[in-house]
file structure_32.pdb (PDB, C-alpha atoms and all ligand atoms)
ATOM      1  CA  MET A  11       0.000   0.000   0.000
ATOM      2  CA  GLN A  12       1.251   3.470  -0.871
ATOM      3  CA  THR A  13       1.922   5.624   2.188
ATOM      4  CA  VAL A  14      -0.375   8.608   2.597
ATOM      5  CA  ARG A  15       1.294  12.028   2.387
ATOM      6  CA  HIS A  16       0.322  14.535   5.066
ATOM      7  CA  PHE A  17       1.133  18.248   5.423
ATOM      8  CA  LEU A  18       1.598  18.817   9.155
ATOM      9  CA  THR A  19       4.701  21.037   8.937
ATOM     10  CA  LEU A  20       6.784  22.477   6.076
ATOM     11  CA  LYS A  21       9.310  19.715   6.812
ATOM     12  CA  ASP A  22       6.855  17.141   5.390
ATOM     13  CA  CYS A  23       7.961  18.308   1.932
ATOM     14  CA  SER A  24      11.418  18.541   0.395
ATOM     15  CA  PRO A  25      12.789  22.001  -0.477
ATOM     16  CA  ALA A  26      12.401  21.154  -4.191
ATOM     17  CA  GLU A  27       8.761  20.125  -3.699
ATOM     18  CA  LEU A  28       8.008  23.329  -1.808
ATOM     19  CA  THR A  29       9.586  25.544  -4.449
ATOM     20  CA  ALA A  30       7.644  23.713  -7.178
ATOM     21  CA  LEU A  31       4.450  24.057  -5.117
ATOM     22  CA  ILE A  32       4.921  27.845  -4.936
ATOM     23  CA  GLU A  33       5.442  27.995  -8.712
ATOM     24  CA  ARG A  34       2.324  25.881  -9.224
ATOM     25  CA  ALA A  35       0.327  28.199  -6.919
ATOM     26  CA  ILE A  36       1.410  31.184  -9.053
ATOM     27  CA  ASP A  37       0.273  29.287 -12.191
ATOM     28  CA  LEU A  38      -3.089  28.342 -10.638
ATOM     29  CA  LYS A  39      -3.628  31.974  -9.634
ATOM     30  CA  ALA A  40      -3.031  33.094 -13.243
ATOM     31  CA  MET A  41      -5.433  30.408 -14.524
ATOM     32  CA  THR A  42      -8.129  31.579 -12.097
ATOM     33  CA  LYS A  43      -7.600  35.222 -13.112
ATOM     34  CA  ARG A  44      -7.988  34.213 -16.784
ATOM     35  CA  GLY A  45     -11.311  32.598 -15.866
ATOM     36  CA  GLU A  46     -10.190  29.057 -16.730
ATOM     37  CA  THR A  47     -12.107  26.167 -15.201
ATOM     38  CA  TYR A  48      -9.864  23.464 -13.729
ATOM     39  CA  GLN A  49     -11.599  20.749 -11.723
ATOM     40  CA  PRO A  50      -9.285  17.816 -10.968
ATOM     41  CA  LEU A  51     -11.030  17.181  -7.621
ATOM     42  CA  LYS A  52     -14.555  16.640  -9.010
ATOM     43  CA  ASP A  53     -16.711  14.637  -6.574
ATOM     44  CA  ARG A  54     -14.006  14.767  -3.886
ATOM     45  CA  THR A  55     -14.722  15.958  -0.327
ATOM     46  CA  LEU A  56     -12.522  17.884   2.078
ATOM     47  CA  ALA A  57     -13.454  17.654   5.776
ATOM     48  CA  MET A  58     -12.553  20.875   7.606
ATOM     49  CA  ILE A  59     -12.272  20.426  11.376
ATOM     50  CA  PHE A  60     -12.131  23.746  13.211
ATOM     51  CA  GLU A  61     -11.543  23.764  16.979
ATOM     52  CA  LYS A  62     -10.523  27.444  16.800
ATOM     53  CA  ALA A  63     -11.986  30.459  15.001
ATOM     54  CA  SER A  64     -11.053  31.329  11.412
ATOM     55  CA  THR A  65     -11.921  33.683   8.582
ATOM     56  CA  ARG A  66      -9.171  33.286   5.958
ATOM     57  CA  THR A  67      -8.489  29.589   6.417
ATOM     58  CA  ARG A  68     -12.109  28.542   6.187
ATOM     59  CA  VAL A  69     -12.961  30.804   3.259
ATOM     60  CA  SER A  70      -9.831  29.880   1.293
ATOM     61  CA  PHE A  71     -10.125  26.103   1.772
ATOM     62  CA  GLU A  72     -13.856  26.028   1.075
ATOM     63  CA  THR A  73     -13.583  28.278  -1.998
ATOM     64  CA  GLY A  74     -10.475  26.461  -3.212
ATOM     65  CA  MET A  75     -12.219  23.104  -3.019
ATOM     66  CA  THR A  76     -15.216  24.490  -4.943
ATOM     67  CA  GLN A  77     -12.937  25.900  -7.652
ATOM     68  CA  LEU A  78     -11.158  22.538  -7.974
ATOM     69  CA  GLY A  79     -14.539  20.858  -8.513
ATOM     70  CA  GLY A  80     -14.965  19.309  -5.057
ATOM     71  CA  HIS A  81     -16.931  19.920  -1.890
ATOM     72  CA  ALA A  82     -15.865  21.111   1.579
ATOM     73  CA  LEU A  83     -17.520  19.998   4.790
ATOM     74  CA  PHE A  84     -17.292  22.271   7.869
ATOM     75  CA  LEU A  85     -17.072  20.328  11.154
ATOM     76  CA  SER A  86     -16.961  22.088  14.506
ATOM     77  CA  PRO A  87     -16.622  20.454  17.942
ATOM     78  CA  ASP A  88     -19.862  22.172  18.994
ATOM     79  CA  ASP A  89     -22.030  20.047  16.787
ATOM     80  CA  THR A  90     -20.044  16.859  16.159
ATOM     81  CA  GLN A  91     -18.976  14.098  18.541
ATOM     82  CA  LEU A  92     -15.455  15.569  18.431
ATOM     83  CA  GLY A  93     -16.538  18.020  21.137
ATOM     84  CA  ARG A  94     -18.091  15.273  23.274
ATOM     85  CA  GLY A  95     -14.975  13.244  23.846
ATOM     86  CA  GLU A  96     -14.997  10.704  21.000
ATOM     87  CA  PRO A  97     -11.355   9.594  20.775
ATOM     88  CA  ILE A  98      -9.345  11.273  18.031
ATOM     89  CA  GLU A  99      -8.259   7.844  16.726
ATOM     90  CA  ASP A 100     -11.897   6.801  16.229
ATOM     91  CA  SER A 101     -12.861  10.108  14.622
ATOM     92  CA  ALA A 102      -9.900   9.835  12.251
ATOM     93  CA  ARG A 103     -10.752   6.277  11.230
ATOM     94  CA  VAL A 104     -14.413   7.107  10.586
ATOM     95  CA  ILE A 105     -14.030  10.477   8.853
ATOM     96  CA  SER A 106     -11.186   9.273   6.627
ATOM     97  CA  ARG A 107     -13.278   6.337   5.360
ATOM     98  CA  MET A 108     -15.772   8.795   3.887
ATOM     99  CA  VAL A 109     -13.871  11.868   2.748
ATOM    100  CA  ASP A 110     -10.821  12.294   0.512
ATOM    101  CA  LEU A 111      -8.858  14.917   2.435
ATOM    102  CA  VAL A 112      -8.924  16.342   5.974
ATOM    103  CA  MET A 113      -7.918  19.794   7.214
ATOM    104  CA  ILE A 114      -7.586  20.431  10.976
ATOM    105  CA  ARG A 115      -7.213  23.607  13.038
ATOM    106  CA  THR A 116      -6.676  22.811  16.702
ATOM    107  CA  PHE A 117      -4.513  23.425  19.766
ATOM    108  CA  GLU A 118      -1.894  20.669  20.171
ATOM    109  CA  GLN A 119       0.357  19.620  17.297
ATOM    110  CA  GLU A 120       0.124  16.079  18.762
ATOM    111  CA  LYS A 121      -3.582  16.061  17.906
ATOM    112  CA  VAL A 122      -3.024  16.555  14.158
ATOM    113  CA  GLU A 123      -0.210  13.989  14.320
ATOM    114  CA  LYS A 124      -2.493  11.468  15.998
ATOM    115  CA  PHE A 125      -5.302  12.127  13.524
ATOM    116  CA  ALA A 126      -2.848  11.650  10.645
ATOM    117  CA  ALA A 127      -1.549   8.392  12.125
ATOM    118  CA  TYR A 128      -5.056   6.903  12.008
ATOM    119  CA  SER A 129      -6.215   8.546   8.762
ATOM    120  CA  ARG A 130      -6.483   6.757   5.405
ATOM    121  CA  VAL A 131      -6.380  10.092   3.578
ATOM    122  CA  PRO A 132      -4.017  13.103   3.614
ATOM    123  CA  VAL A 133      -4.274  15.438   6.622
ATOM    124  CA  ILE A 134      -3.420  19.165   6.433
ATOM    125  CA  ASN A 135      -2.430  21.240   9.465
ATOM    126  CA  ALA A 136      -4.506  24.424   9.241
ATOM    127  CA  LEU A 137      -2.902  25.877  12.414
ATOM    128  CA  THR A 138      -1.914  24.469  15.765
ATOM    129  CA  ASP A 139      -0.297  26.148  18.772
ATOM    130  CA  MET A 140       3.016  25.021  17.247
ATOM    131  CA  TYR A 141       2.814  25.660  13.478
ATOM    132  CA  HIS A 142       0.852  27.302  10.660
ATOM    133  CA  PRO A 143       2.421  25.806   7.507
ATOM    134  CA  CYS A 144      -0.412  26.740   5.091
ATOM    135  CA  GLN A 145       0.119  30.402   5.931
ATOM    136  CA  LEU A 146       3.788  30.065   5.003
ATOM    137  CA  LEU A 147       2.910  28.715   1.556
ATOM    138  CA  ALA A 148       0.944  31.923   0.951
ATOM    139  CA  ASP A 149       3.667  34.069   2.536
ATOM    140  CA  ILE A 150       6.509  32.630   0.456
ATOM    141  CA  MET A 151       4.318  32.830  -2.652
ATOM    142  CA  THR A 152       3.700  36.524  -1.907
ATOM    143  CA  TRP A 153       7.376  37.253  -1.254
ATOM    144  CA  THR A 154       8.267  35.483  -4.538
ATOM    145  CA  GLU A 155       5.636  37.403  -6.529
ATOM    146  CA  GLN A 156       6.704  40.734  -5.060
ATOM    147  CA  ARG A 157      10.493  40.429  -5.044
ATOM    148  CA  GLY A 158      11.591  37.107  -6.614
ATOM    149  CA  SER A 159      13.084  34.063  -4.884
ATOM    150  CA  PRO A 160      13.678  34.342  -1.100
ATOM    151  CA  LYS A 161      16.887  32.274  -1.427
ATOM    152  CA  GLY A 162      19.843  34.074   0.162
ATOM    153  CA  ARG A 163      17.682  36.982   1.394
ATOM    154  CA  THR A 164      16.818  38.071   4.949
ATOM    155  CA  ALA A 165      13.481  38.267   6.749
ATOM    156  CA  ALA A 166      12.936  39.725  10.225
ATOM    157  CA  TRP A 167      10.386  38.318  12.665
ATOM    158  CA  ILE A 168       9.378  40.937  15.255
ATOM    159  CA  GLY A 169       7.213  39.838  18.214
ATOM    160  CA  ASP A 170       6.041  36.585  19.743
ATOM    161  CA  GLY A 171       7.957  33.297  19.336
ATOM    162  CA  ASN A 172       4.678  31.618  18.368
ATOM    163  CA  ASN A 173       3.239  29.201  15.783
ATOM    164  CA  MET A 174       3.829  31.664  12.933
ATOM    165  CA  CYS A 175       7.392  32.301  14.079
ATOM    166  CA  HIS A 176       8.034  28.527  14.166
ATOM    167  CA  SER A 177       6.734  28.094  10.631
ATOM    168  CA  TRP A 178       8.867  31.023   9.409
ATOM    169  CA  MET A 179      11.851  29.255  11.023
ATOM    170  CA  ASN A 180      11.072  26.056   9.104
ATOM    171  CA  ALA A 181      10.626  28.138   5.941
ATOM    172  CA  ALA A 182      14.063  29.701   6.411
ATOM    173  CA  THR A 183      15.616  26.231   6.262
ATOM    174  CA  GLN A 184      13.430  24.902   3.448
ATOM    175  CA  PHE A 185      13.714  27.982   1.193
ATOM    176  CA  GLY A 186      17.293  28.956   2.130
ATOM    177  CA  PHE A 187      16.977  32.437   3.640
ATOM    178  CA  THR A 188      18.151  34.039   6.899
ATOM    179  CA  LEU A 189      15.610  34.817   9.619
ATOM    180  CA  ASN A 190      16.337  37.504  12.221
ATOM    181  CA  ILE A 191      14.151  36.918  15.277
ATOM    182  CA  ALA A 192      13.430  39.610  17.878
ATOM    183  CA  THR A 193      11.302  38.526  20.836
ATOM    184  CA  PRO A 194      10.978  39.893  24.370
ATOM    185  CA  GLN A 195      12.506  37.765  27.121
ATOM    186  CA  GLY A 196      10.110  34.985  28.116
ATOM    187  CA  TYR A 197       8.486  34.836  24.646
ATOM    188  CA  ASP A 198      11.236  33.027  22.768
ATOM    189  CA  PRO A 199      10.441  30.348  20.172
ATOM    190  CA  ASN A 200      10.452  26.650  21.072
ATOM    191  CA  PRO A 201      14.061  25.433  21.625
ATOM    192  CA  GLN A 202      13.563  22.262  19.575
ATOM    193  CA  VAL A 203      12.362  24.252  16.568
ATOM    194  CA  VAL A 204      15.331  26.599  17.089
ATOM    195  CA  ALA A 205      17.751  23.648  17.178
ATOM    196  CA  ALA A 206      16.287  22.189  13.983
ATOM    197  CA  ASN A 207      16.774  25.437  12.055
ATOM    198  CA  GLN A 208      19.790  26.934  13.865
ATOM    199  CA  ALA A 209      21.917  27.577  10.760
ATOM    200  CA  GLN A 210      19.399  30.047   9.298
ATOM    201  CA  LEU A 211      18.580  31.990  12.471
ATOM    202  CA  HIS A 212      19.892  35.123  14.242
ATOM    203  CA  PHE A 213      18.457  36.215  17.594
ATOM    204  CA  PHE A 214      17.970  39.756  18.925
ATOM    205  CA  ARG A 215      16.353  41.435  21.936
ATOM    206  CA  ASP A 216      16.286  44.799  20.138
ATOM    207  CA  PRO A 217      13.707  44.679  17.307
ATOM    208  CA  ASN A 218      15.396  47.600  15.540
ATOM    209  CA  GLU A 219      18.625  45.590  15.269
ATOM    210  CA  ALA A 220      16.691  42.644  13.808
ATOM    211  CA  ALA A 221      14.990  44.895  11.235
ATOM    212  CA  LYS A 222      18.231  46.444   9.945
ATOM    213  CA  GLY A 223      18.660  45.741   6.222
ATOM    214  CA  ALA A 224      15.939  43.037   6.140
ATOM    215  CA  ASP A 225      14.057  42.338   2.897
ATOM    216  CA  VAL A 226      10.834  41.420   4.710
ATOM    217  CA  ILE A 227       9.480  42.532   8.087
ATOM    218  CA  ILE A 228       6.886  40.226   9.649
ATOM    219  CA  THR A 229       4.854  40.342  12.815
ATOM    220  CA  ASP A 230       1.744  38.698  14.285
ATOM    221  CA  THR A 231      -0.688  39.265  17.125
ATOM    222  CA  TRP A 232       0.848  39.396  20.602
ATOM    223  CA  ALA A 233      -1.947  37.188  22.002
ATOM    224  CA  SER A 234      -2.728  34.134  19.884
ATOM    225  CA  MET A 235      -5.917  32.117  20.046
ATOM    226  CA  GLY A 236      -6.062  30.449  23.448
ATOM    227  CA  GLN A 237      -4.007  33.231  25.119
ATOM    228  CA  GLU A 238      -6.847  35.729  25.558
ATOM    229  CA  ALA A 239      -6.414  35.818  29.360
ATOM    230  CA  GLU A 240      -2.767  36.929  28.931
ATOM    231  CA  LYS A 241      -3.614  39.846  26.627
ATOM    232  CA  LYS A 242      -2.906  42.676  29.102
ATOM    233  CA  ALA A 243       0.305  41.121  30.446
ATOM    234  CA  ARG A 244       1.511  40.522  26.912
ATOM    235  CA  GLU A 245       0.834  44.112  25.844
ATOM    236  CA  LYS A 246       3.146  45.172  28.656
ATOM    237  CA  ALA A 247       5.847  42.630  27.806
ATOM    238  CA  PHE A 248       5.791  43.526  24.097
ATOM    239  CA  ALA A 249       6.166  47.307  24.607
ATOM    240  CA  GLY A 250       8.728  48.518  22.062
ATOM    241  CA  PHE A 251       8.011  45.649  19.669
ATOM    242  CA  GLN A 252       5.427  47.462  17.547
ATOM    243  CA  VAL A 253       6.417  47.574  13.865
ATOM    244  CA  THR A 254       6.501  51.312  13.212
ATOM    245  CA  GLU A 255       7.446  53.499  10.250
ATOM    246  CA  ALA A 256      10.740  54.229  12.050
ATOM    247  CA  MET A 257      11.456  50.481  12.256
ATOM    248  CA  MET A 258      10.539  49.965   8.587
ATOM    249  CA  ALA A 259      12.992  52.758   7.693
ATOM    250  CA  LEU A 260      15.815  50.593   9.097
ATOM    251  CA  ALA A 261      14.981  47.717   6.746
ATOM    252  CA  HIS A 262      16.088  47.483   3.102
ATOM    253  CA  PRO A 263      14.559  50.438   1.167
ATOM    254  CA  ASP A 264      12.641  47.909  -0.965
ATOM    255  CA  ALA A 265      11.424  45.878   2.046
ATOM    256  CA  ILE A 266       7.878  44.553   2.256
ATOM    257  CA  PHE A 267       5.706  44.187   5.366
ATOM    258  CA  MET A 268       3.767  40.962   6.000
ATOM    259  CA  HIS A 269       1.205  39.859   8.603
ATOM    260  CA  CYS A 270      -0.879  36.681   8.507
ATOM    261  CA  LEU A 271      -3.900  38.560   9.943
ATOM    262  CA  PRO A 272      -6.009  39.168  11.951
ATOM    263  CA  ALA A 273      -4.013  42.299  12.910
ATOM    264  CA  TYR A 274      -4.395  44.712  15.781
ATOM    265  CA  ARG A 275      -3.416  48.210  14.662
ATOM    266  CA  GLY A 276      -1.716  50.208  17.398
ATOM    267  CA  LEU A 277      -0.447  47.045  19.113
ATOM    268  CA  GLU A 278       1.913  44.800  17.079
ATOM    269  CA  VAL A 279       1.832  47.133  14.057
ATOM    270  CA  ALA A 280       1.225  50.820  13.453
ATOM    271  CA  ALA A 281      -1.693  51.639  11.131
ATOM    272  CA  GLU A 282       0.694  53.665   8.911
ATOM    273  CA  VAL A 283       2.737  50.511   8.251
ATOM    274  CA  ILE A 284       0.015  47.910   7.727
ATOM    275  CA  ASP A 285      -2.009  50.330   5.587
ATOM    276  CA  GLY A 286       1.085  51.852   3.974
ATOM    277  CA  PRO A 287       2.878  51.353   0.637
ATOM    278  CA  GLN A 288       5.252  48.582   1.809
ATOM    279  CA  SER A 289       2.444  46.364   3.120
ATOM    280  CA  VAL A 290       1.477  43.360   0.975
ATOM    281  CA  ILE A 291      -1.095  41.920   3.387
ATOM    282  CA  TRP A 292      -4.073  41.775   1.003
ATOM    283  CA  ASP A 293      -2.145  39.796  -1.626
ATOM    284  CA  GLU A 294      -0.817  37.642   1.209
ATOM    285  CA  ALA A 295      -4.378  36.891   2.395
ATOM    286  CA  GLU A 296      -5.642  36.189  -1.159
ATOM    287  CA  ASN A 297      -2.722  33.867  -1.791
ATOM    288  CA  ARG A 298      -4.009  31.494   0.879
ATOM    289  CA  LEU A 299      -6.577  30.442  -1.732
ATOM    290  CA  HIS A 300      -4.088  29.833  -4.548
ATOM    291  CA  ALA A 301      -1.393  28.218  -2.396
ATOM    292  CA  GLN A 302      -3.837  25.790  -0.780
ATOM    293  CA  LYS A 303      -5.303  24.858  -4.171
ATOM    294  CA  ALA A 304      -1.769  23.899  -5.204
ATOM    295  CA  LEU A 305      -1.370  21.930  -1.963
ATOM    296  CA  MET A 306      -4.664  20.044  -2.338
ATOM    297  CA  GLU A 307      -3.889  19.282  -5.978
ATOM    298  CA  ALA A 308      -0.463  17.954  -4.956
ATOM    299  CA  LEU A 309      -1.869  15.745  -2.198
ATOM    300  CA  PHE A 310      -4.244  14.140  -4.729
ATOM    301  CA  LEU A 311      -2.218  14.063  -7.925
ATOM    302  CA  GLY A 312       1.334  14.029  -6.562
ATOM    303  CA  PHE A 313       3.730  16.850  -5.737
ATOM    304  CA  PRO A 314       5.170  18.849  -8.632
ATOM    305  CA  HIS A 315       8.965  18.735  -8.828
TER
HETATM  306  N1  LIG B   1      -4.197  33.893   8.859
HETATM  307  C1  LIG B   1      -5.190  33.046   9.228
HETATM  308  O1  LIG B   1      -5.008  31.837   9.365
HETATM  309  O2  LIG B   1      -6.396  33.650   9.390
HETATM  310  P1  LIG B   1      -7.716  32.979  10.008
HETATM  311  O3  LIG B   1      -7.476  32.760  11.468
HETATM  312  O4  LIG B   1      -8.796  34.006   9.747
HETATM  313  O5  LIG B   1      -8.000  31.692   9.296
HETATM  314  N1  LIG B   2      -0.625  33.327  16.020
HETATM  315  C1  LIG B   2      -2.000  33.496  15.642
HETATM  316  C2  LIG B   2      -2.172  33.261  14.168
HETATM  317  C3  LIG B   2      -3.588  33.456  13.657
HETATM  318  C4  LIG B   2      -3.750  33.110  12.221
HETATM  319  C5  LIG B   2      -2.865  32.548  16.455
HETATM  320  O1  LIG B   2      -2.469  31.391  16.636
HETATM  321  O2  LIG B   2      -3.922  32.959  16.912
END

call {"tool": "encode", "arguments": {"input": "structure_32.pdb", "output": "structure tokens", "more": "lines below"}}
Ligand code: CP
Ligand code: NVA
result
Amino acid sequence: MQTVRHFLTLKDCSPAELTALIERAIDLKAMTKRGETYQPLKDRTLAMIFEKASTRTRVSFETGMTQLGGHALFLSPDDTQLGRGEPIEDSARVISRMVDLVMIRTFEQEKVEKFAAYSRVPVINALTDMYHPCQLLADIMTWTEQRGSPKGRTAAWIGDGNNMCHSWMNAATQFGFTLNIATPQGYDPNPQVVAANQAQLHFFRDPNEAAKGADVIITDTWASMGQEAEKKAREKAFAGFQVTEAMMALAHPDAIFMHCLPAYRGLEVAAEVIDGPQSVIWDEAENRLHAQKALMEALFLGFPH
């Protein structure tokens, strides 16, 4: 039996596969803009399990599946047995006997790993506390569209050492760029993820130092989903980490600003930056659709290389 491919982190693909996937996403975007119909996933179903809120991820996966000719099924713990304690192994075995692809947004990375271990069909990580690999497909696609290949360039992560930071760290290794990381003390990224990507990373306590000369400046919310109770304490700890126009002026003159969204203007980013000329956030959000279409196509038809 052929082993099932999953997409739980960017490390589930080779660097060559990822680069080809980004190129394919750019092609699929052009096809969509030309109005071409392309439906390789006709009569296929994607199960979307959401244990956390979402706007972009839900809309992009559901729309992407429709455009590819298939159907997407929204499953929330509130109205399935998933929220009533049915074991993840049982849910995985049952759901994967009926659908063709599963997408999960949840808390623990171990949960998507366990689901994948018991699933007959490919499983996609649509955000955990640890990683957000689908967002990185869209982010690298956007960087490539805007400024060419990220290889040999430098990005600067300013803020929390969170799931997005971890996926940017994996991306630095897989796509061959340097990542400057500035986090306040106590909010550093996971040491195991650091160790796995060490060669591409530089660490700073001063966000302005991290931003110097960077080709991309990235930030994210200071309080991720599940950390709502820490919001006030985090705002205090992250003082000085707001991406401002002054910080952007330290980056490369041609630098772009990225944010996975949702964003909180006046906290992690100044309105002048996120709504300013260097911001590429709307393309970045739209590219979730195109990048995930390329991913779903690859999981069904094989990865481009
Ligand atoms: N960036 C992102 O994943 O957005 P949602 O939480 O709206 O899906
Ligand atoms: N770090 C954020 C990303 C949201 C897309 C969170 O986990 O809430």

call {"tool": "residues_around", "arguments": {"input": "structure_32.pdb", "residues": "segment 97-102 of chain A", "least_positions_apart": "4", "cutoff": "7 Å", "atoms": "all atoms listed in the file", "output": "list in words"}}
result
Ser106, Lys124, Phe125, Tyr128 and Ser129 of chain A

call {"tool": "write_last_selection", "arguments": {"input": "structure_32.pdb", "atoms": "C-alpha atoms", "output": "mmCIF file, in the frame of the given file"}}
result
data_model
loop_
_atom_site.group_PDB
_atom_site.id
_atom_site.type_symbol
_atom_site.label_atom_id
_atom_site.label_comp_id
_atom_site.auth_asym_id
_atom_site.auth_seq_id
_atom_site.Cartn_x
_atom_site.Cartn_y
_atom_site.Cartn_z
ATOM 1 C CA SER A 106 -11.186 9.273 6.627
ATOM 2 C CA LYS A 124 -2.493 11.468 15.998
ATOM 3 C CA PHE A 125 -5.302 12.127 13.524
ATOM 4 C CA TYR A 128 -5.056 6.903 12.008
ATOM 5 C CA SER A 129 -6.215 8.546 8.762
#

call {"tool": "atom_distance", "arguments": {"input": "structure_32.pdb", "atom1": "atom CA of Ala308 of chain A", "atom2": "atom CA of Ile134 of chain A"}}
result
11.8 Å

call {"tool": "closest_atom_pairs", "arguments": {"input": "structure_32.pdb", "of": "segment 171-218 of chain A", "to": "segment 245-265 of chain A", "cutoff": "9 Å", "atoms": "all atoms listed in the file", "output": "CSV"}}
result
residue,atom,partner,partner_atom,distance
A:Ala192,CA,A:Phe251,CA,8.3
A:Thr193,CA,A:Phe251,CA,7.9
A:Pro194,CA,A:Phe248,CA,6.3
A:Gln195,CA,A:Ala247,CA,8.3
A:Gly196,CA,A:Ala247,CA,8.8
A:Tyr197,CA,A:Ala247,CA,8.8
A:Asp216,CA,A:Phe251,CA,8.3
A:Pro217,CA,A:Phe251,CA,6.2
A:Asn218,CA,A:Met257,CA,5.9

call {"tool": "residues_near_ligand", "arguments": {"input": "structure_32.pdb", "ligand": "ligand LIG 1 (chain B)", "cutoff": "12 Å", "atoms": "only C-alpha atoms and all ligand atoms", "output": "PyMOL selection string"}}
result
chain A and resi 58+60-72+114-116+135-139+141-149+173-174+229-231+234-235+268-273+291-292+294-299+302

call {"tool": "residues_around", "arguments": {"input": "structure_32.pdb", "residues": "segment 203-206 of chain A", "least_positions_apart": "6", "cutoff": "10 Å", "atoms": "only C-alpha atoms", "output": "list in words"}}
result
Met140, Cys175, His176, Ser177, Met179, Asn180 and Thr183 of chain A

call {"tool": "resolve_selection", "arguments": {"input": "structure_32.pdb", "expression": "the PyMOL selection byres (((chain A and resi 155-162) around 7) and not hetatm)", "output": "PyMOL selection string"}}
result
chain A and resi 151-154+163-164+185-188

call {"tool": "atom_distance", "arguments": {"input": "structure_32.pdb", "atom1": "atom CA of His16 of chain A", "atom2": "atom CA of Val104 of chain A"}}
result
17.4 Å

call {"tool": "resolve_selection", "arguments": {"input": "structure_32.pdb", "expression": "the PyMOL selection byres (((chain A and resi 309-315) around 6) and not hetatm)", "output": "number ranges by chain"}}
result
A: 27, 30, 306-308

call {"tool": "closest_residue", "arguments": {"input": "structure_32.pdb", "among": "A:Ala224, A:Ala40, A:Trp178, A:Leu305", "to": "ligand LIG 2 (chain B)", "atoms": "all atoms listed in the file"}}
result
A:Trp178

call {"tool": "axis_aligned_box", "arguments": {"input": "structure_32.pdb", "around": "ligand LIG 2 (chain B)", "padding_each_side": "5 Å", "output": "AutoDock Vina command-line options"}}
result
--center_x -2.3 --center_y 32.4 --center_z 14.6 --size_x 13.3 --size_y 12.1 --size_z 14.7

call {"tool": "decode", "arguments": {"input": "structure_32.pdb", "residues": "segment 122-126 of chain A", "atoms": "all heavy atoms", "output": "CSV table (one decimal), in the first residue's frame"}}
result
chain,number,residue,atom,x,y,z
A,122,VAL,N,-3.0,16.8,15.6
A,122,VAL,CA,-3.0,16.6,14.2
A,122,VAL,C,-2.1,15.4,13.8
A,122,VAL,O,-2.4,14.6,12.9
A,122,VAL,CB,-2.6,17.8,13.3
A,122,VAL,CG1,-3.6,18.9,13.5
A,122,VAL,CG2,-1.2,18.3,13.7
A,123,GLU,N,-1.1,15.2,14.6
A,123,GLU,CA,-0.2,14.0,14.3
A,123,GLU,C,-1.0,12.7,14.6
A,123,GLU,O,-0.9,11.7,13.8
A,123,GLU,CB,1.0,14.1,15.2
A,123,GLU,CG,2.1,15.1,14.7
A,123,GLU,CD,3.1,15.4,15.7
A,123,GLU,OE1,3.2,14.8,16.8
A,123,GLU,OE2,3.9,16.3,15.4
A,124,LYS,N,-1.7,12.7,15.7
A,124,LYS,CA,-2.5,11.5,16.0
A,124,LYS,C,-3.6,11.2,15.0
A,124,LYS,O,-3.8,10.1,14.5
A,124,LYS,CB,-3.1,11.6,17.4
A,124,LYS,CG,-3.7,10.3,18.0
A,124,LYS,CD,-4.2,10.5,19.3
A,124,LYS,CE,-3.5,9.7,20.4
A,124,LYS,NZ,-4.1,9.8,21.7
A,125,PHE,N,-4.3,12.3,14.6
A,125,PHE,CA,-5.3,12.1,13.5
A,125,PHE,C,-4.7,11.5,12.3
A,125,PHE,O,-5.2,10.6,11.7
A,125,PHE,CB,-6.0,13.5,13.2
A,125,PHE,CG,-7.3,13.4,12.5
A,125,PHE,CD1,-8.5,13.6,13.2
A,125,PHE,CD2,-7.4,13.0,11.2
A,125,PHE,CE1,-9.7,13.5,12.6
A,125,PHE,CE2,-8.6,12.9,10.5
A,125,PHE,CZ,-9.8,13.1,11.2
A,126,ALA,N,-3.5,12.1,11.9
A,126,ALA,CA,-2.8,11.7,10.6
A,126,ALA,C,-2.5,10.2,10.8
A,126,ALA,O,-2.6,9.4,9.8
A,126,ALA,CB,-1.6,12.5,10.4
